[in-house]
>>> print(open('target38.csv').read())   # CSV, C-alpha atoms and all ligand atoms
chain,number,residue,atom,x,y,z
A,10,MET,CA,36.6,-27.7,-72.4
A,11,PRO,CA,37.9,-26.8,-75.8
A,12,ILE,CA,36.3,-23.8,-77.6
A,13,PHE,CA,36.4,-23.6,-81.4
A,14,ILE,CA,35.9,-21.2,-84.3
A,15,CYS,CA,33.7,-23.5,-86.4
A,16,GLY,CA,32.9,-21.1,-89.3
A,17,THR,CA,34.3,-17.9,-90.8
A,18,GLY,CA,32.9,-15.3,-93.2
A,19,SER,CA,33.7,-11.9,-94.5
A,20,TYR,CA,32.4,-9.1,-96.7
A,21,VAL,CA,33.8,-6.0,-98.4
A,22,PRO,CA,31.7,-3.5,-100.3
A,23,LYS,CA,31.9,-3.6,-104.1
A,24,LYS,CA,33.2,-0.1,-104.7
A,25,VAL,CA,37.0,0.0,-105.1
A,26,LEU,CA,38.8,3.3,-104.4
A,27,THR,CA,42.3,3.2,-106.0
A,28,ASN,CA,45.3,5.3,-104.9
A,29,ASP,CA,45.1,7.1,-108.3
A,30,GLU,CA,41.5,8.1,-107.6
A,31,LEU,CA,42.5,9.3,-104.1
A,32,SER,CA,45.2,11.5,-105.6
A,33,LEU,CA,42.5,13.4,-107.4
A,34,ARG,CA,41.0,14.3,-104.0
A,35,VAL,CA,44.0,15.1,-101.8
A,36,ASP,CA,47.7,15.9,-102.4
A,37,THR,CA,49.0,12.3,-102.6
A,38,ASN,CA,50.2,9.8,-105.1
A,39,ASP,CA,50.2,6.1,-105.7
A,40,GLU,CA,53.9,5.8,-105.2
A,41,TRP,CA,53.9,7.4,-101.7
A,42,ILE,CA,50.9,5.3,-100.5
A,43,ARG,CA,52.3,2.0,-101.8
A,44,THR,CA,55.8,2.5,-100.5
A,45,ARG,CA,54.9,4.0,-97.2
A,46,THR,CA,51.9,1.8,-96.4
A,47,GLY,CA,51.6,-1.2,-98.8
A,48,ILE,CA,48.1,-0.2,-99.8
A,49,ARG,CA,47.0,-0.2,-103.4
A,50,GLU,CA,43.2,0.2,-103.0
A,51,ARG,CA,40.4,0.0,-100.5
A,52,ARG,CA,36.7,-0.7,-100.5
A,53,ILE,CA,34.1,2.0,-99.7
A,54,ALA,CA,30.6,1.2,-98.6
A,55,SER,CA,27.6,2.9,-100.3
A,56,GLU,CA,25.6,5.6,-98.5
A,57,GLU,CA,22.9,3.1,-97.8
A,58,GLU,CA,25.3,0.6,-96.2
A,59,ALA,CA,25.9,1.0,-92.4
A,60,SER,CA,28.3,-1.2,-90.3
A,61,SER,CA,25.4,-3.6,-89.4
A,62,ASP,CA,24.8,-4.2,-93.2
A,63,LEU,CA,28.5,-5.1,-93.7
A,64,CYS,CA,28.2,-7.3,-90.6
A,65,TYR,CA,25.1,-9.0,-91.9
A,66,HIS,CA,26.7,-10.2,-95.1
A,67,ALA,CA,29.8,-11.5,-93.2
A,68,SER,CA,27.5,-13.2,-90.7
A,69,LEU,CA,25.5,-15.1,-93.4
A,70,ARG,CA,28.8,-16.4,-94.8
A,71,ALA,CA,30.1,-17.5,-91.4
A,72,LEU,CA,26.7,-19.2,-90.6
A,73,GLU,CA,26.8,-21.0,-93.9
A,74,ALA,CA,30.4,-22.2,-93.3
A,75,ALA,CA,29.4,-23.5,-89.9
A,76,ARG,CA,26.2,-25.0,-91.5
A,77,LEU,CA,24.0,-23.3,-89.0
A,78,GLY,CA,21.0,-21.0,-89.3
A,79,PRO,CA,20.4,-17.8,-87.3
A,80,GLU,CA,18.1,-19.8,-85.0
A,81,ALA,CA,21.1,-21.7,-83.7
A,82,ILE,CA,22.8,-18.5,-82.4
A,83,ASP,CA,22.6,-17.9,-78.6
A,84,LEU,CA,24.5,-14.6,-78.4
A,85,ILE,CA,25.6,-11.9,-80.9
A,86,LEU,CA,28.7,-9.9,-80.2
A,87,VAL,CA,29.7,-7.1,-82.5
A,88,ALA,CA,33.1,-5.3,-82.4
A,89,THR,CA,32.9,-1.9,-84.0
A,90,ILE,CA,34.1,1.7,-83.6
A,91,THR,CA,31.7,2.9,-86.3
A,92,PRO,CA,28.3,1.8,-84.8
A,93,ASP,CA,25.2,2.5,-86.9
A,94,THR,CA,24.1,4.9,-84.2
A,95,PRO,CA,25.7,5.7,-80.8
A,96,PHE,CA,22.9,3.7,-79.3
A,97,PRO,CA,21.3,1.2,-79.6
A,98,ALA,CA,24.0,-1.3,-80.2
A,99,THR,CA,24.9,-2.3,-83.8
A,100,ALA,CA,24.5,-5.9,-82.6
A,101,CYS,CA,20.7,-5.2,-82.1
A,102,TYR,CA,20.4,-4.0,-85.7
A,103,LEU,CA,22.2,-7.1,-86.8
A,104,GLN,CA,19.9,-9.3,-84.7
A,105,ARG,CA,16.9,-7.6,-86.5
A,106,CYS,CA,18.4,-8.2,-89.9
A,107,LEU,CA,19.1,-11.9,-89.1
A,108,ASN,CA,15.6,-12.4,-87.6
A,109,CYS,CA,17.1,-14.3,-84.7
A,110,ARG,CA,15.3,-15.4,-81.5
A,111,PRO,CA,15.3,-12.7,-78.7
A,112,ILE,CA,18.9,-13.6,-77.8
A,113,PRO,CA,21.3,-11.1,-76.1
A,114,ALA,CA,23.1,-8.8,-78.5
A,115,LEU,CA,25.9,-6.3,-77.5
A,116,ASP,CA,28.7,-4.3,-78.9
A,117,ILE,CA,32.3,-4.0,-77.8
A,118,ASN,CA,34.7,-1.3,-78.6
A,119,ALA,CA,38.4,-2.3,-78.6
A,120,ALA,CA,39.1,-0.6,-81.9
A,121,CYS,CA,41.6,-2.6,-84.1
A,122,SER,CA,42.0,-5.1,-81.3
A,123,GLY,CA,38.4,-6.0,-81.4
A,124,PHE,CA,39.1,-9.5,-82.7
A,125,PRO,CA,41.1,-10.9,-79.8
A,126,TYR,CA,39.0,-9.0,-77.3
A,127,GLY,CA,35.7,-10.3,-78.7
A,128,LEU,CA,37.0,-13.8,-79.1
A,129,HIS,CA,38.0,-13.8,-75.4
A,130,LEU,CA,34.5,-12.7,-74.4
A,131,ALA,CA,32.9,-15.3,-76.6
A,132,ARG,CA,35.1,-18.0,-75.2
A,133,GLN,CA,34.3,-17.0,-71.6
A,134,CYS,CA,30.5,-16.8,-72.3
A,135,LEU,CA,30.6,-20.4,-73.7
A,136,LEU,CA,32.7,-21.6,-70.7
A,137,GLY,CA,30.4,-19.9,-68.2
A,138,ASP,CA,27.0,-20.7,-69.5
A,139,PRO,CA,26.0,-24.2,-70.5
A,140,HIS,CA,22.9,-22.9,-72.3
A,141,CYS,CA,25.1,-20.8,-74.7
A,142,ARG,CA,26.2,-23.1,-77.5
A,143,HIS,CA,26.9,-20.9,-80.5
A,144,ILE,CA,28.1,-17.3,-80.6
A,145,LEU,CA,28.0,-15.1,-83.6
A,146,PHE,CA,31.0,-12.7,-83.2
A,147,VAL,CA,31.3,-10.1,-86.0
A,148,CYS,CA,33.8,-7.3,-86.5
A,149,GLY,CA,32.6,-4.6,-88.8
A,150,ASP,CA,33.6,-1.0,-89.6
A,151,LYS,CA,32.5,1.6,-92.1
A,152,MET,CA,35.7,3.6,-91.6
A,153,SER,CA,34.8,5.8,-94.6
A,154,SER,CA,32.1,7.3,-92.4
A,155,VAL,CA,34.7,8.7,-90.0
A,156,THR,CA,37.4,9.5,-92.6
A,157,ASP,CA,38.6,13.0,-93.0
A,158,TRP,CA,38.9,13.2,-96.8
A,159,GLN,CA,40.9,16.4,-96.4
A,160,ASP,CA,43.6,14.7,-94.3
A,161,ARG,CA,46.0,13.0,-96.6
A,162,SER,CA,47.9,11.4,-93.7
A,163,SER,CA,44.9,9.3,-92.7
A,164,CYS,CA,42.4,9.1,-95.6
A,165,VAL,CA,44.8,7.0,-97.6
A,166,LEU,CA,44.9,4.3,-94.9
A,167,LEU,CA,41.3,3.4,-94.2
A,168,GLY,CA,38.7,1.1,-95.8
A,169,ASP,CA,35.4,-0.6,-95.0
A,170,GLY,CA,34.6,-4.3,-94.3
A,171,ALA,CA,33.4,-7.0,-91.9
A,172,GLY,CA,34.6,-10.4,-90.8
A,173,ALA,CA,32.6,-12.9,-88.7
A,174,VAL,CA,33.2,-16.1,-86.9
A,175,ILE,CA,30.9,-18.7,-85.2
A,176,VAL,CA,32.4,-19.7,-81.9
A,177,GLY,CA,31.2,-22.9,-80.2
A,178,ARG,CA,32.1,-25.9,-78.0
A,179,SER,CA,33.5,-29.2,-79.1
A,180,GLU,CA,30.2,-30.6,-78.0
A,181,ASP,CA,26.9,-28.9,-77.1
A,182,SER,CA,24.9,-29.8,-74.0
A,183,GLU,CA,23.1,-32.6,-75.9
A,184,GLY,CA,26.5,-34.2,-76.8
A,185,ASN,CA,26.2,-33.2,-80.5
A,186,SER,CA,29.5,-32.4,-82.2
A,187,PRO,CA,29.8,-29.3,-84.3
A,188,PRO,CA,29.7,-29.7,-88.1
A,189,GLU,CA,32.6,-31.3,-90.0
A,190,GLY,CA,35.1,-29.0,-91.8
A,191,LEU,CA,38.0,-27.0,-90.7
A,192,ARG,CA,37.7,-25.9,-87.0
A,193,LEU,CA,40.1,-23.6,-85.2
A,194,GLN,CA,40.6,-24.4,-81.6
A,195,ILE,CA,41.2,-21.3,-79.4
A,196,SER,CA,44.4,-22.3,-77.6
A,197,ASP,CA,45.1,-19.0,-75.8
A,198,ILE,CA,44.3,-15.3,-75.8
A,199,LEU,CA,46.5,-12.5,-74.4
A,200,LEU,CA,45.1,-8.9,-74.1
A,201,GLY,CA,46.4,-5.6,-72.9
A,202,ALA,CA,45.5,-1.8,-72.9
A,203,ASP,CA,47.2,1.4,-72.0
A,204,GLY,CA,44.8,4.3,-71.5
A,205,LEU,CA,47.7,6.8,-71.3
A,206,GLY,CA,47.8,6.5,-75.1
A,207,ALA,CA,44.1,7.2,-75.5
A,208,ASP,CA,44.7,10.4,-77.5
A,209,GLN,CA,47.0,8.8,-80.0
A,210,ILE,CA,44.1,7.4,-82.2
A,211,ILE,CA,40.9,9.1,-81.5
A,212,MET,CA,37.6,10.6,-82.8
A,213,PRO,CA,37.6,13.6,-80.5
A,214,ALA,CA,33.9,14.7,-80.5
A,215,GLY,CA,30.5,13.1,-80.6
A,216,GLY,CA,30.7,11.5,-77.2
A,217,SER,CA,29.7,12.8,-73.7
A,218,ARG,CA,33.0,14.7,-73.3
A,219,ARG,CA,32.5,16.8,-76.4
A,220,PRO,CA,29.0,16.4,-77.7
A,221,ALA,CA,28.3,17.4,-81.3
A,222,SER,CA,28.1,21.1,-81.8
A,223,PRO,CA,28.7,23.6,-84.7
A,224,GLN,CA,32.2,24.1,-83.2
A,225,THR,CA,33.0,20.4,-83.3
A,226,VAL,CA,31.8,20.1,-86.8
A,227,GLU,CA,33.7,23.2,-87.8
A,228,GLY,CA,36.9,21.8,-86.1
A,229,ARG,CA,36.5,18.5,-88.0
A,230,GLU,CA,36.4,16.7,-84.7
A,231,HIS,CA,34.1,13.9,-85.8
A,232,PHE,CA,36.8,12.2,-87.9
A,233,PHE,CA,39.5,9.7,-87.3
A,234,ARG,CA,42.7,11.3,-86.0
A,235,MET,CA,46.0,9.6,-85.4
A,236,ASP,CA,49.5,10.5,-84.3
A,237,GLY,CA,50.8,8.2,-87.0
A,238,LYS,CA,54.6,8.2,-86.3
A,239,ARG,CA,54.1,7.5,-82.6
A,240,VAL,CA,51.5,4.8,-83.2
A,241,PHE,CA,53.8,3.2,-85.7
A,242,ARG,CA,56.6,2.9,-83.2
A,243,GLU,CA,54.3,1.6,-80.4
A,244,ALA,CA,52.6,-0.9,-82.7
A,245,VAL,CA,55.9,-2.4,-83.8
A,246,GLN,CA,57.2,-2.7,-80.2
A,247,VAL,CA,53.9,-3.8,-78.5
A,248,MET,CA,52.9,-6.4,-81.1
A,249,GLY,CA,56.4,-7.9,-81.0
A,250,GLU,CA,56.3,-8.1,-77.2
A,251,CYS,CA,52.7,-9.4,-77.2
A,252,ALA,CA,53.6,-12.2,-79.6
A,253,GLU,CA,56.7,-13.2,-77.6
A,254,GLU,CA,54.7,-13.4,-74.4
A,255,ILE,CA,51.9,-15.6,-75.8
A,256,LEU,CA,54.5,-17.9,-77.4
A,257,ARG,CA,56.5,-18.0,-74.2
A,258,ARG,CA,53.6,-18.9,-72.0
A,259,ASN,CA,52.6,-21.7,-74.4
A,260,GLY,CA,56.1,-23.1,-74.6
A,261,LEU,CA,56.3,-22.3,-78.4
A,262,SER,CA,59.0,-20.7,-80.6
A,263,SER,CA,58.1,-18.4,-83.4
A,264,GLY,CA,59.4,-21.1,-85.8
A,265,GLU,CA,56.4,-23.3,-84.8
A,266,ILE,CA,53.9,-20.7,-86.0
A,267,ASP,CA,52.6,-21.8,-89.4
A,268,TYR,CA,50.5,-18.6,-90.1
A,269,LEU,CA,50.8,-15.1,-88.8
A,270,ILE,CA,47.6,-13.1,-89.2
A,271,PRO,CA,48.5,-9.5,-88.1
A,272,HIS,CA,46.4,-6.4,-88.0
A,273,GLN,CA,46.5,-4.8,-91.4
A,274,ALA,CA,47.6,-1.2,-90.7
A,275,ASN,CA,50.9,-0.8,-92.6
A,276,ILE,CA,53.1,-3.3,-94.4
A,277,ARG,CA,56.1,-1.7,-92.8
A,278,ILE,CA,54.7,-2.5,-89.3
A,279,ILE,CA,53.9,-6.0,-90.4
A,280,ASN,CA,57.4,-6.6,-91.9
A,281,ALA,CA,59.1,-5.1,-88.8
A,282,VAL,CA,57.1,-7.4,-86.4
A,283,ALA,CA,57.7,-10.4,-88.7
A,284,GLN,CA,61.4,-9.7,-88.9
A,285,HIS,CA,61.6,-9.3,-85.1
A,286,LEU,CA,59.9,-12.7,-84.7
A,287,GLN,CA,61.8,-14.2,-87.6
A,288,ILE,CA,58.6,-15.3,-89.3
A,289,PRO,CA,59.1,-15.5,-93.2
A,290,GLN,CA,56.9,-13.6,-95.6
A,291,ASP,CA,55.2,-16.8,-97.0
A,292,ARG,CA,53.7,-17.5,-93.6
A,293,ILE,CA,52.0,-14.1,-93.3
A,294,THR,CA,48.5,-13.3,-94.5
A,295,ILE,CA,48.2,-9.9,-96.2
A,296,THR,CA,45.0,-8.2,-97.3
A,297,LEU,CA,45.9,-4.5,-96.8
A,298,ASP,CA,47.1,-4.1,-100.3
A,299,ARG,CA,43.5,-4.6,-101.5
A,300,TYR,CA,41.4,-3.4,-98.5
A,301,GLY,CA,43.6,-0.9,-96.5
A,302,ASN,CA,43.1,-0.7,-92.8
A,303,THR,CA,39.6,-2.0,-92.1
A,304,SER,CA,40.0,-1.5,-88.3
A,305,THR,CA,38.3,-4.3,-86.2
A,306,SER,CA,37.5,-6.4,-89.3
A,307,ALA,CA,41.1,-6.6,-90.7
A,308,ILE,CA,42.1,-9.8,-88.8
A,309,PRO,CA,38.8,-11.8,-89.3
A,310,ILE,CA,38.7,-10.8,-93.0
A,311,ALA,CA,42.3,-12.1,-93.4
A,312,LEU,CA,41.5,-15.2,-91.4
A,313,ASP,CA,38.4,-15.9,-93.6
A,314,GLU,CA,40.4,-15.4,-96.8
A,315,ALA,CA,43.1,-17.8,-95.5
A,316,VAL,CA,40.6,-20.5,-94.5
A,317,ARG,CA,38.7,-20.2,-97.8
A,318,SER,CA,41.8,-20.3,-99.9
A,319,GLU,CA,42.4,-23.7,-98.2
A,320,ARG,CA,45.9,-22.5,-97.4
A,321,ILE,CA,45.3,-23.6,-93.8
A,322,ALA,CA,45.8,-27.4,-93.5
A,323,ARG,CA,44.8,-29.4,-90.4
A,324,GLY,CA,47.1,-29.4,-87.4
A,325,LYS,CA,48.6,-25.9,-88.0
A,326,LYS,CA,49.2,-23.2,-85.5
A,327,LEU,CA,47.9,-19.7,-86.2
A,328,LEU,CA,48.9,-16.5,-84.4
A,329,THR,CA,46.7,-13.4,-84.8
A,330,LEU,CA,48.2,-10.1,-83.6
A,331,ALA,CA,46.3,-6.9,-83.0
A,332,PHE,CA,47.1,-3.3,-82.0
A,333,GLY,CA,44.8,-0.2,-82.1
A,334,ALA,CA,43.1,2.8,-80.4
A,335,GLY,CA,42.9,2.7,-76.7
A,336,LEU,CA,45.7,1.9,-76.9
A,337,THR,CA,44.7,-1.7,-77.0
A,338,TRP,CA,46.5,-4.9,-78.2
A,339,GLY,CA,46.0,-8.6,-78.2
A,340,ALA,CA,47.0,-11.9,-79.6
A,341,ALA,CA,45.0,-15.1,-80.1
A,342,LEU,CA,46.7,-18.5,-80.7
A,343,LEU,CA,44.6,-20.9,-82.8
A,344,GLN,CA,45.1,-24.5,-83.8
A,345,SER,CA,43.4,-25.9,-86.9
A,346,GLU,CA,41.7,-29.3,-86.7
B,401,LIG,O1,44.9,0.9,-87.0
B,401,LIG,C1,45.6,1.5,-85.9
B,401,LIG,C2,47.0,1.4,-86.0
B,401,LIG,N1,47.5,2.3,-87.0
B,401,LIG,C3,48.8,2.2,-87.4
B,401,LIG,O2,49.5,1.4,-86.9
B,401,LIG,C4,49.3,3.3,-88.3
B,401,LIG,C5,50.7,3.7,-87.9
B,401,LIG,N2,51.3,4.8,-88.7
B,401,LIG,C6,51.6,4.7,-90.0
B,401,LIG,O3,51.3,3.7,-90.6
B,401,LIG,C7,52.4,5.8,-90.6
B,401,LIG,O4,52.9,6.6,-89.6
B,401,LIG,C8,51.7,6.6,-91.6
B,401,LIG,C9,51.4,5.8,-92.9
B,401,LIG,C10,50.4,7.2,-91.1
B,401,LIG,C11,52.5,7.8,-92.1
B,401,LIG,O5,53.8,7.3,-92.6
B,401,LIG,P1,55.2,8.0,-92.2
B,401,LIG,O6,56.2,7.3,-92.9
B,401,LIG,O7,55.2,7.9,-90.7
B,401,LIG,O8,55.0,9.4,-92.8
B,401,LIG,P2,55.1,10.8,-92.0
B,401,LIG,O9,53.9,11.1,-91.2
B,401,LIG,O10,56.5,10.8,-91.3
B,401,LIG,O11,55.2,11.8,-93.2
B,401,LIG,C12,56.4,11.8,-94.1
B,401,LIG,C13,56.1,12.8,-95.2
B,401,LIG,C14,55.6,14.2,-94.7
B,401,LIG,O12,56.1,15.2,-95.5
B,401,LIG,P3,57.4,16.0,-95.0
B,401,LIG,O13,57.0,16.7,-93.7
B,401,LIG,O14,58.5,15.0,-94.8
B,401,LIG,O15,57.6,17.0,-96.1
B,401,LIG,C15,54.1,14.1,-94.8
B,401,LIG,O16,53.5,15.4,-95.0
B,401,LIG,O17,55.1,12.3,-96.0
B,401,LIG,C16,54.0,13.3,-96.1
B,401,LIG,N3,52.8,12.6,-96.3
B,401,LIG,C17,52.3,12.3,-97.5
B,401,LIG,N4,52.7,12.5,-98.7
B,401,LIG,C18,52.0,12.0,-99.7
B,401,LIG,C19,51.9,12.2,-95.3
B,401,LIG,N5,50.9,11.6,-95.9
B,401,LIG,C20,51.1,11.6,-97.2
B,401,LIG,C21,50.3,11.2,-98.3
B,401,LIG,N6,50.8,11.4,-99.5
B,401,LIG,N7,49.2,10.5,-98.1
>>> encode(input="target38.csv", output="structure tokens", more="lines below")
Ligand code: UT7
Amino acid sequence: MPIFICGTGSYVPKKVLTNDELSLRVDTNDEWIRTRTGIRERRIASEEEASSDLCYHASLRALEAARLGPEAIDLILVATITPDTPFPATACYLQRCLNCRPIPALDINAACSGFPYGLHLARQCLLGDPHCRHILFVCGDKMSSVTDWQDRSSCVLLGDGAGAVIVGRSEDSEGNSPPEGLRLQISDILLGADGLGADQIIMPAGGSRRPASPQTVEGREHFFRMDGKRVFREAVQVMGECAEEILRRNGLSSGEIDYLIPHQANIRIINAVAQHLQIPQDRITITLDRYGNTSTSAIPIALDEAVRSERIARGKKLLTLAFGAGLTWGAALLQSE
């Protein structure tokens, strides 16, 4: 049975932090950041806003696009690496904000690969449970809450935001079709992980291995840390291979992909992957110049912007490509209807 994305929504905080403003905080400059990463500015959430608040706004927009109310949702999935609290799940805070029925709500942690991972889970839940008709799947991260503002190699990269999708069947159990409007059929999803690379992108402390202590705070171990050069190389290679594999097993060539929606970490990574796949620039959705790397939410924000700009016509093939901490990676092949 076909499974669809039948509504998208996104949200970024109002506050803009430009490269020039950042250069007042750390030893960096606009020229370095733009040429080495492609980022011009990023959005930063207020102190009052947690990840669930970002997710809430994105969810309302996705529900509106799908012409559904919160009462129609049967499951909430949130992909985040910056949960409001280590427990309970951010999905439970979101359920409280949305005032839903007592439906299940859970978080997943696949870092920047959260979108294809969560989409896979959503699809499997719909296929396995006839009572589950609509899933709210939201990716949201307040990366500024784990950013080391003294580390110029990482603080220039990160930003805050959330992106949401409503995932549903072609027909519900009563035979009702989902609302009119652009739908994206989930054609295939490919996922992978390599825990040997777990230390390459990490927040070292605050979990059960290194609980918070004066030493961990002193050592700045509650912040995002990355072996940037190594991750860069792996990202280019793995995203390229992942794209080739999903295309191969669906009998497609890269020339048949109408829109590439890659994870937004670095424009040089995106260009290298696109060049490898021979996908021209005008078929790639870019948001990192305005939002930086928003972790889990980068792909669904870019997807929502592409849908809302009406760039995506019916009958087009979309390929989303992710890579992140874990190491994790994934691709989702979508077809617009
Ligand atoms: O979302 C998860 C996936 N994340 C990624 O895929 C990110 C992957 N990595 C990257 O995007 C890049 O490796 C970075 C953007 C993090 C770094 O770019 P790079 O071209 O690999 O720079 P680098 O680390 O090799 O540093 C080059 C130079 C160094 O100076 P020296 O040693 O050559 O004198 C750095 O100290 O640039 C310096 N540098 C900076 N200079 C100005 C590093 N950060 C900055 C900065 N401003 N912000």
>>> residues_near_ligand(input="target38.csv", ligand="ligand LIG 401 (chain B)", cutoff="6 Å", atoms="all atoms listed in the file", output="count of residues only")
19
>>> residues_around(input="target38.csv", residues="Ile278 of chain A", least_positions_apart="2", cutoff="12 Å", atoms="all atoms listed in the file", output="ChimeraX atom specification")
/A:45-47,237-238,240-249,271-276,280-285,297,330-332
>>> residues_around(input="target38.csv", residues="segment 217-229 of chain A", least_positions_apart="3", cutoff="12 Å", atoms="only C-alpha atoms", output="ChimeraX atom specification")
/A:95,155-160,212-214,232-234
>>> write_last_selection(input="target38.csv", atoms="C-alpha atoms", output="compact mmCIF listing (two decimals), in the frame of the given file")
# COMPACT_ATOMS: atom_id res chain seq x y z
CA PRO A 95 25.70 5.70 -80.80
CA VAL A 155 34.70 8.70 -90.00
CA THR A 156 37.40 9.50 -92.60
CA ASP A 157 38.60 13.00 -93.00
CA TRP A 158 38.90 13.20 -96.80
CA GLN A 159 40.90 16.40 -96.40
CA ASP A 160 43.60 14.70 -94.30
CA MET A 212 37.60 10.60 -82.80
CA PRO A 213 37.60 13.60 -80.50
CA ALA A 214 33.90 14.70 -80.50
CA PHE A 232 36.80 12.20 -87.90
CA PHE A 233 39.50 9.70 -87.30
CA ARG A 234 42.70 11.30 -86.00
>>> closest_residue(input="target38.csv", among="A:His231, A:Arg239, A:Leu328, A:Arg257", to="Gly216 of chain A", atoms="only C-alpha atoms")
A:His231
>>> residues_near_point(input="target38.csv", point="(35.8, -16.2, -71.2)", cutoff="12 Å", atoms="all atoms listed in the file", output="mmCIF file with C-alpha atoms, keeping the file's coordinate frame")
data_model
loop_
_atom_site.group_PDB
_atom_site.id
_atom_site.type_symbol
_atom_site.label_atom_id
_atom_site.label_comp_id
_atom_site.auth_asym_id
_atom_site.auth_seq_id
_atom_site.Cartn_x
_atom_site.Cartn_y
_atom_site.Cartn_z
ATOM 1 C CA MET A 10 36.600 -27.700 -72.400
ATOM 2 C CA PRO A 11 37.900 -26.800 -75.800
ATOM 3 C CA ILE A 12 36.300 -23.800 -77.600
ATOM 4 C CA PRO A 125 41.100 -10.900 -79.800
ATOM 5 C CA TYR A 126 39.000 -9.000 -77.300
ATOM 6 C CA GLY A 127 35.700 -10.300 -78.700
ATOM 7 C CA LEU A 128 37.000 -13.800 -79.100
ATOM 8 C CA HIS A 129 38.000 -13.800 -75.400
ATOM 9 C CA LEU A 130 34.500 -12.700 -74.400
ATOM 10 C CA ALA A 131 32.900 -15.300 -76.600
ATOM 11 C CA ARG A 132 35.100 -18.000 -75.200
ATOM 12 C CA GLN A 133 34.300 -17.000 -71.600
ATOM 13 C CA CYS A 134 30.500 -16.800 -72.300
ATOM 14 C CA LEU A 135 30.600 -20.400 -73.700
ATOM 15 C CA LEU A 136 32.700 -21.600 -70.700
ATOM 16 C CA GLY A 137 30.400 -19.900 -68.200
ATOM 17 C CA ASP A 138 27.000 -20.700 -69.500
ATOM 18 C CA VAL A 176 32.400 -19.700 -81.900
ATOM 19 C CA ILE A 195 41.200 -21.300 -79.400
ATOM 20 C CA ASP A 197 45.100 -19.000 -75.800
ATOM 21 C CA ILE A 198 44.300 -15.300 -75.800
ATOM 22 C CA LEU A 199 46.500 -12.500 -74.400
#
>>> atom_distance(input="target38.csv", atom1="atom CA of Cys64 of chain A", atom2="atom CA of Gly177 of chain A")
19.0 Å
>>> atom_distance(input="target38.csv", atom1="atom CA of Ala307 of chain A", atom2="atom CA of Cys101 of chain A")
22.2 Å
>>> residues_around(input="target38.csv", residues="Ser154 of chain A", least_positions_apart="4", cutoff="9 Å", atoms="all atoms listed in the file", output="number ranges by chain")
A: 54, 59, 91, 150, 169, 232
>>> write_last_selection(input="target38.csv", atoms="C-alpha atoms", output="PDB file, in the frame of the given file")
ATOM      1  CA  ALA A  54      30.600   1.200 -98.600  1.00  0.00           C
ATOM      2  CA  ALA A  59      25.900   1.000 -92.400  1.00  0.00           C
ATOM      3  CA  THR A  91      31.700   2.900 -86.300  1.00  0.00           C
ATOM      4  CA  ASP A 150      33.600  -1.000 -89.600  1.00  0.00           C
ATOM      5  CA  ASP A 169      35.400  -0.600 -95.000  1.00  0.00           C
ATOM      6  CA  PHE A 232      36.800  12.200 -87.900  1.00  0.00           C
TER       7      PHE A 232
END
>>> closest_residue(input="target38.csv", among="A:Glu314, A:Asp298, A:Glu346, A:Glu319", to="Arg52 of chain A", atoms="all atoms listed in the file")
A:Asp298
>>> atom_distance(input="target38.csv", atom1="atom CA of His143 of chain A", atom2="atom CA of Arg258 of chain A")
28.1 Å
>>> closest_residue(input="target38.csv", among="A:Leu261, A:Ile308, A:Leu166, A:Ala207", to="Arg49 of chain A", atoms="only C-alpha atoms")
A:Leu166
>>> residues_around(input="target38.csv", residues="Asp93 of chain A", least_positions_apart="2", cutoff="10 Å", atoms="only C-alpha atoms", output="ChimeraX atom specification")
/A:58-62,89-91,95-100,102,150-151
>>> closest_residue(input="target38.csv", among="A:Pro309, A:Gly18, A:Gly168, A:Pro79", to="Pro111 of chain A", atoms="only C-alpha atoms")
A:Pro79
>>> residues_around(input="target38.csv", residues="Asp208 of chain A", least_positions_apart="6", cutoff="10 Å", atoms="all atoms listed in the file", output="list in words")
Arg234, Met235, Asp236, Ala334, Gly335 and Leu336 of chain A
>>> closest_residue(input="target38.csv", among="A:Leu200, A:Leu31, A:Val316, A:Leu145", to="Glu254 of chain A", atoms="all atoms listed in the file")
A:Leu200
